[in-house]
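Structure file work_13.pdb (PDB, C-alpha atoms, pLDDT in the B column) follows.
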ATOM      1  CA  MET O1404       0.000   0.000   0.000  1.00 59.00           C
ATOM      2  CA  LYS O1405       1.442   3.330  -1.064  1.00 64.00           C
ATOM      3  CA  LYS O1406       1.913   6.017   1.558  1.00 68.00           C
ATOM      4  CA  SER O1407       0.142   9.305   0.758  1.00 75.00           C
ATOM      5  CA  ARG O1408       2.340  12.294   0.079  1.00 80.00           C
ATOM      6  CA  ALA O1409       2.167  15.361   2.298  1.00 80.00           C
ATOM      7  CA  PRO O1410       0.995  18.529   0.520  1.00 85.00           C
ATOM      8  CA  ASP O1411       3.506  21.088  -0.649  1.00 86.00           C
ATOM      9  CA  LEU O1412       4.747  23.516   1.955  1.00 89.00           C
ATOM     10  CA  THR O1413       3.041  26.891   1.824  1.00 90.00           C
ATOM     11  CA  GLN O1414       4.039  30.168   3.445  1.00 91.00           C
ATOM     12  CA  ALA O1415       1.498  29.372   6.184  1.00 92.00           C
ATOM     13  CA  HIS O1416       3.338  26.111   6.893  1.00 92.00           C
ATOM     14  CA  ILE O1417       6.666  27.940   7.032  1.00 90.00           C
ATOM     15  CA  THR O1418       5.179  30.498   9.433  1.00 89.00           C
ATOM     16  CA  THR O1419       3.918  27.675  11.660  1.00 92.00           C
ATOM     17  CA  VAL O1420       7.363  26.080  11.701  1.00 90.00           C
ATOM     18  CA  LEU O1421       9.004  29.405  12.591  1.00 86.00           C
ATOM     19  CA  ASP O1422       6.457  30.117  15.350  1.00 86.00           C
ATOM     20  CA  THR O1423       6.971  26.622  16.743  1.00 88.00           C
ATOM     21  CA  LEU O1424      10.729  27.135  16.792  1.00 86.00           C
ATOM     22  CA  ASP O1425      10.377  30.552  18.418  1.00 83.00           C
ATOM     23  CA  THR O1426       8.423  29.106  21.325  1.00 83.00           C
ATOM     24  CA  TRP O1427      10.376  25.844  21.633  1.00 84.00           C
ATOM     25  CA  ARG O1428      11.455  24.836  25.151  1.00 82.00           C
ATOM     26  CA  GLY O1429      13.746  21.940  26.051  1.00 86.00           C
ATOM     27  CA  LYS O1430      15.744  19.635  23.815  1.00 90.00           C
ATOM     28  CA  LEU O1431      15.478  20.389  20.094  1.00 91.00           C
ATOM     29  CA  THR O1432      16.097  17.838  17.362  1.00 93.00           C
ATOM     30  CA  TRP O1433      14.721  17.529  13.863  1.00 94.00           C
ATOM     31  CA  ASP O1434      12.752  14.432  14.898  1.00 95.00           C
ATOM     32  CA  LEU O1435      11.176  16.195  17.882  1.00 95.00           C
ATOM     33  CA  LEU O1436      10.297  19.183  15.705  1.00 94.00           C
ATOM     34  CA  LEU O1437       8.811  16.932  13.014  1.00 94.00           C
ATOM     35  CA  ASP O1438       6.787  15.048  15.658  1.00 95.00           C
ATOM     36  CA  LYS O1439       5.357  18.331  16.969  1.00 95.00           C
ATOM     37  CA  LEU O1440       4.495  19.555  13.456  1.00 94.00           C
ATOM     38  CA  GLU O1441       2.936  16.209  12.553  1.00 93.00           C
ATOM     39  CA  ALA O1442       0.644  16.550  15.573  1.00 93.00           C
ATOM     40  CA  VAL O1443      -0.381  20.010  14.320  1.00 92.00           C
ATOM     41  CA  TRP O1444      -0.843  19.206  10.623  1.00 90.00           C
ATOM     42  CA  GLY O1445      -1.696  15.512  10.598  1.00 91.00           C
ATOM     43  CA  TYR O1446       1.056  14.620   8.113  1.00 88.00           C
ATOM     44  CA  ARG O1447       4.821  14.396   8.338  1.00 91.00           C
ATOM     45  CA  TYR O1448       7.513  16.131   6.327  1.00 91.00           C
ATOM     46  CA  SER O1449      11.140  15.052   6.205  1.00 91.00           C
ATOM     47  CA  ARG O1450      13.918  17.055   7.816  1.00 92.00           C
ATOM     48  CA  PHE O1451      15.388  17.488   4.350  1.00 92.00           C
ATOM     49  CA  THR O1452      12.182  19.089   3.092  1.00 92.00           C
ATOM     50  CA  LEU O1453      12.064  21.561   5.970  1.00 91.00           C
ATOM     51  CA  GLY O1454      15.835  22.089   5.913  1.00 90.00           C
ATOM     52  CA  SER O1455      15.751  23.003   2.230  1.00 91.00           C
ATOM     53  CA  TYR O1456      14.054  26.274   3.197  1.00 89.00           C
ATOM     54  CA  ALA O1457      16.756  28.715   4.281  1.00 82.00           C
ATOM     55  CA  GLU O1458      14.575  30.525   6.826  1.00 84.00           C
ATOM     56  CA  VAL O1459      13.629  27.251   8.528  1.00 87.00           C
ATOM     57  CA  ALA O1460      17.197  25.921   8.563  1.00 85.00           C
ATOM     58  CA  ASN O1461      18.549  29.203   9.943  1.00 84.00           C
ATOM     59  CA  ALA O1462      15.801  29.448  12.567  1.00 83.00           C
ATOM     60  CA  PHE O1463      16.436  25.844  13.623  1.00 89.00           C
ATOM     61  CA  LEU O1464      20.177  26.405  14.031  1.00 85.00           C
ATOM     62  CA  HIS O1465      19.655  29.714  15.836  1.00 84.00           C
ATOM     63  CA  ARG O1466      17.125  28.209  18.246  1.00 83.00           C
ATOM     64  CA  LYS O1467      19.334  25.194  18.879  1.00 86.00           C
ATOM     65  CA  ASP O1468      22.253  27.511  19.707  1.00 81.00           C
ATOM     66  CA  ALA O1469      20.015  29.601  21.945  1.00 79.00           C
ATOM     67  CA  LEU O1470      18.826  26.533  23.847  1.00 80.00           C
ATOM     68  CA  ARG O1471      22.393  25.286  24.143  1.00 82.00           C
ATOM     69  CA  GLY O1472      23.483  28.651  25.485  1.00 74.00           C
ATOM     70  CA  THR O1473      26.195  29.111  22.861  1.00 61.00           C
ATOM     71  CA  LEU O1474      24.866  32.310  21.361  1.00 51.00           C
ATOM     72  CA  PRO O1475      27.215  35.236  21.839  1.00 53.00           C
ATOM     73  CA  VAL O1476      26.132  37.270  24.851  1.00 49.00           C
ATOM     74  CA  SER O1477      26.381  41.027  24.643  1.00 51.00           C
ATOM     75  CA  ARG O1478      27.716  43.131  27.510  1.00 48.00           C
ATOM     76  CA  GLY O1479      24.362  44.730  28.237  1.00 48.00           C
ATOM     77  CA  THR O1480      22.426  41.505  28.783  1.00 50.00           C
ATOM     78  CA  PRO O1481      19.548  42.141  31.208  1.00 60.00           C
ATOM     79  CA  THR O1482      19.125  40.063  34.351  1.00 64.00           C
ATOM     80  CA  ASP O1483      17.078  36.883  34.251  1.00 78.00           C
ATOM     81  CA  GLU O1484      14.118  38.587  35.892  1.00 84.00           C
ATOM     82  CA  ARG O1485      14.037  41.275  33.224  1.00 82.00           C
ATOM     83  CA  VAL O1486      14.312  38.670  30.466  1.00 83.00           C
ATOM     84  CA  ARG O1487      11.446  36.685  31.952  1.00 79.00           C
ATOM     85  CA  ALA O1488       9.317  39.823  32.230  1.00 84.00           C
ATOM     86  CA  ALA O1489      10.073  40.722  28.617  1.00 86.00           C
ATOM     87  CA  ILE O1490       9.215  37.214  27.439  1.00 82.00           C
ATOM     88  CA  GLU O1491       5.946  37.256  29.385  1.00 77.00           C
ATOM     89  CA  GLN O1492       5.104  40.644  27.912  1.00 85.00           C
ATOM     90  CA  ALA O1493       5.898  39.375  24.398  1.00 87.00           C
ATOM     91  CA  GLU O1494       3.677  36.332  24.952  1.00 76.00           C
ATOM     92  CA  ARG O1495       0.854  38.590  26.138  1.00 73.00           C
ATOM     93  CA  PHE O1496       1.268  40.755  23.040  1.00 83.00           C
ATOM     94  CA  LYS O1497       1.238  37.677  20.807  1.00 78.00           C
ATOM     95  CA  ALA O1498      -1.954  36.434  22.465  1.00 64.00           C
ATOM     96  CA  LYS O1499      -3.537  39.865  22.095  1.00 76.00           C
ATOM     97  CA  ALA O1500      -2.519  40.051  18.430  1.00 81.00           C
ATOM     98  CA  ALA O1501      -4.054  36.630  17.789  1.00 71.00           C
ATOM     99  CA  ARG O1502      -7.253  37.670  19.521  1.00 82.00           C
ATOM    100  CA  LEU O1503      -7.432  40.912  17.526  1.00 77.00           C
ATOM    101  CA  GLU O1504      -6.810  39.040  14.264  1.00 83.00           C
ATOM    102  CA  ALA O1505      -9.696  36.694  15.078  1.00 81.00           C
ATOM    103  CA  GLU O1506     -11.901  39.661  15.944  1.00 84.00           C
ATOM    104  CA  ASN O1507     -10.926  41.400  12.698  1.00 90.00           C
ATOM    105  CA  ASN O1508     -11.793  38.262  10.719  1.00 87.00           C
ATOM    106  CA  LEU O1509     -15.235  38.158  12.337  1.00 87.00           C
ATOM    107  CA  LEU O1510     -15.805  41.818  11.444  1.00 89.00           C
ATOM    108  CA  LEU O1511     -14.721  41.158   7.847  1.00 92.00           C
ATOM    109  CA  GLU O1512     -17.198  38.266   7.662  1.00 91.00           C
ATOM    110  CA  GLN O1513     -19.935  40.582   8.997  1.00 91.00           C
ATOM    111  CA  PHE O1514     -19.034  43.191   6.399  1.00 90.00           C
ATOM    112  CA  VAL O1515     -19.255  40.625   3.589  1.00 90.00           C
ATOM    113  CA  THR O1516     -22.677  39.559   4.876  1.00 92.00           C
ATOM    114  CA  TRP O1517     -23.885  43.163   4.960  1.00 89.00           C
ATOM    115  CA  ALA O1518     -22.509  43.878   1.485  1.00 88.00           C
ATOM    116  CA  HIS O1519     -24.235  40.796   0.086  1.00 89.00           C
ATOM    117  CA  ASN O1520     -27.564  41.625   1.743  1.00 91.00           C
ATOM    118  CA  ALA O1521     -27.367  45.272   0.646  1.00 91.00           C
ATOM    119  CA  GLU O1522     -26.718  44.214  -2.947  1.00 89.00           C
ATOM    120  CA  ASN O1523     -29.691  41.818  -2.836  1.00 92.00           C
ATOM    121  CA  LYS O1524     -31.980  44.613  -1.565  1.00 92.00           C
ATOM    122  CA  GLY O1525     -30.868  47.021  -4.310  1.00 92.00           C
ATOM    123  CA  VAL O1526     -28.908  49.340  -2.050  1.00 90.00           C
ATOM    124  CA  THR O1527     -26.266  51.244  -4.016  1.00 85.00           C
ATOM    125  CA  MET O1528     -22.808  52.350  -2.931  1.00 81.00           C
ATOM    126  CA  ASP O1529     -23.982  55.978  -3.040  1.00 86.00           C
ATOM    127  CA  MET O1530     -26.746  55.133  -0.576  1.00 87.00           C
ATOM    128  CA  LEU O1531     -24.292  53.343   1.722  1.00 85.00           C
ATOM    129  CA  ASN O1532     -21.737  56.172   1.571  1.00 86.00           C
ATOM    130  CA  LYS O1533     -24.284  58.901   2.250  1.00 89.00           C
ATOM    131  CA  PRO O1534     -23.215  60.856   5.369  1.00 91.00           C
ATOM    132  CA  LEU O1535     -25.232  60.565   8.533  1.00 89.00           C
ATOM    133  CA  PRO O1536     -27.843  63.304   9.063  1.00 89.00           C
ATOM    134  CA  LYS O1537     -26.885  66.159  11.356  1.00 87.00           C
ATOM    135  CA  PRO O1538     -28.576  65.932  14.769  1.00 84.00           C
ATOM    136  CA  ASP O1539     -31.344  68.414  15.428  1.00 79.00           C
ATOM    137  CA  ARG O1540     -29.755  70.553  18.146  1.00 78.00           C
ATOM    138  CA  ASP O1541     -32.533  73.145  18.249  1.00 71.00           C
ATOM    139  CA  ARG O1542     -34.868  71.439  20.719  1.00 67.00           C
ATOM    140  CA  SER O1543     -36.989  74.438  21.508  1.00 66.00           C
ATOM    141  CA  LYS O1544     -38.220  75.404  18.044  1.00 64.00           C
ATOM    142  CA  GLY O1545     -41.653  76.526  19.113  1.00 62.00           C
ATOM    143  CA  VAL O1546     -40.570  77.939  22.470  1.00 57.00           C
ATOM    144  CA  LYS O1547     -38.736  81.261  22.634  1.00 54.00           C
TER     145      LYS O1547
END
Could you write out this file's structure as structure tokens?
Amino acid sequence: MKKSRAPDLTQAHITTVLDTLDTWRGKLTWDLLLDKLEAVWGYRYSRFTLGSYAEVANAFLHRKDALRGTLPVSRGTPTDERVRAAIEQAERFKAKAARLEAENNLLLEQFVTWAHNAENKGVTMDMLNKPLPKPDRDRSKGVK
């Protein structure tokens, strides 16, 4: 029985690999990375396929060096507490960005629904772009 071939890598796949590497904790090997990605996608790529992409290969090597502690350390390295606080803040920002992207997608879906319904009802773009009426600020017309 022939094994099915995994689909071609897309930019979305590459982004997933890079995000996975960015958040990787603990021992990093190609097999462990491929196991993690297989759990996400449901199919397995070879290390040679992923390694043929320069950004993935560079990110893998960089992350491996970072986990090993062999990256060059600059003189102004902040204390561990500051690093942890910065990482926590970055994770919060990533979570917020993901939430806002999801919210934006929902709003775009709503807009498409409105545009479709407006077109079906014969509403034109001129009607939709018409400015809102000015509020009637003169409340005491008859009273002086």
(message) What's the separation between atom CA of His1465 of chain O and atom CA of Ala1442 of chain O, in Å to one decimal place?
(response) 23.1 Å
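Take the candidates O:Val1420, O:Met1530, O:Ile1490, O:Ala1409 and check each one against Ala1460 of chain O using all atoms listed in the file; the shortest distance goes to O:Val1420.
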(message) Just the number, please: distance in Å from atom CA of Glu1504 of chain O to atom CA of Gly1454 of chain O, one decimal.
(response) 29.5 Å
(request) Carefully work through the PyMOL selection byres ((chain O and resi 1430) around 9) for this structure and note down the residues it includes, as number ranges by chain. (result) O: 1427-1429, 1431-1432, 1435, 1467, 1470-1471
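Between atom CA of Arg1447 of chain O and atom CA of Pro1410 of chain O lies a distance of 9.6 Å.
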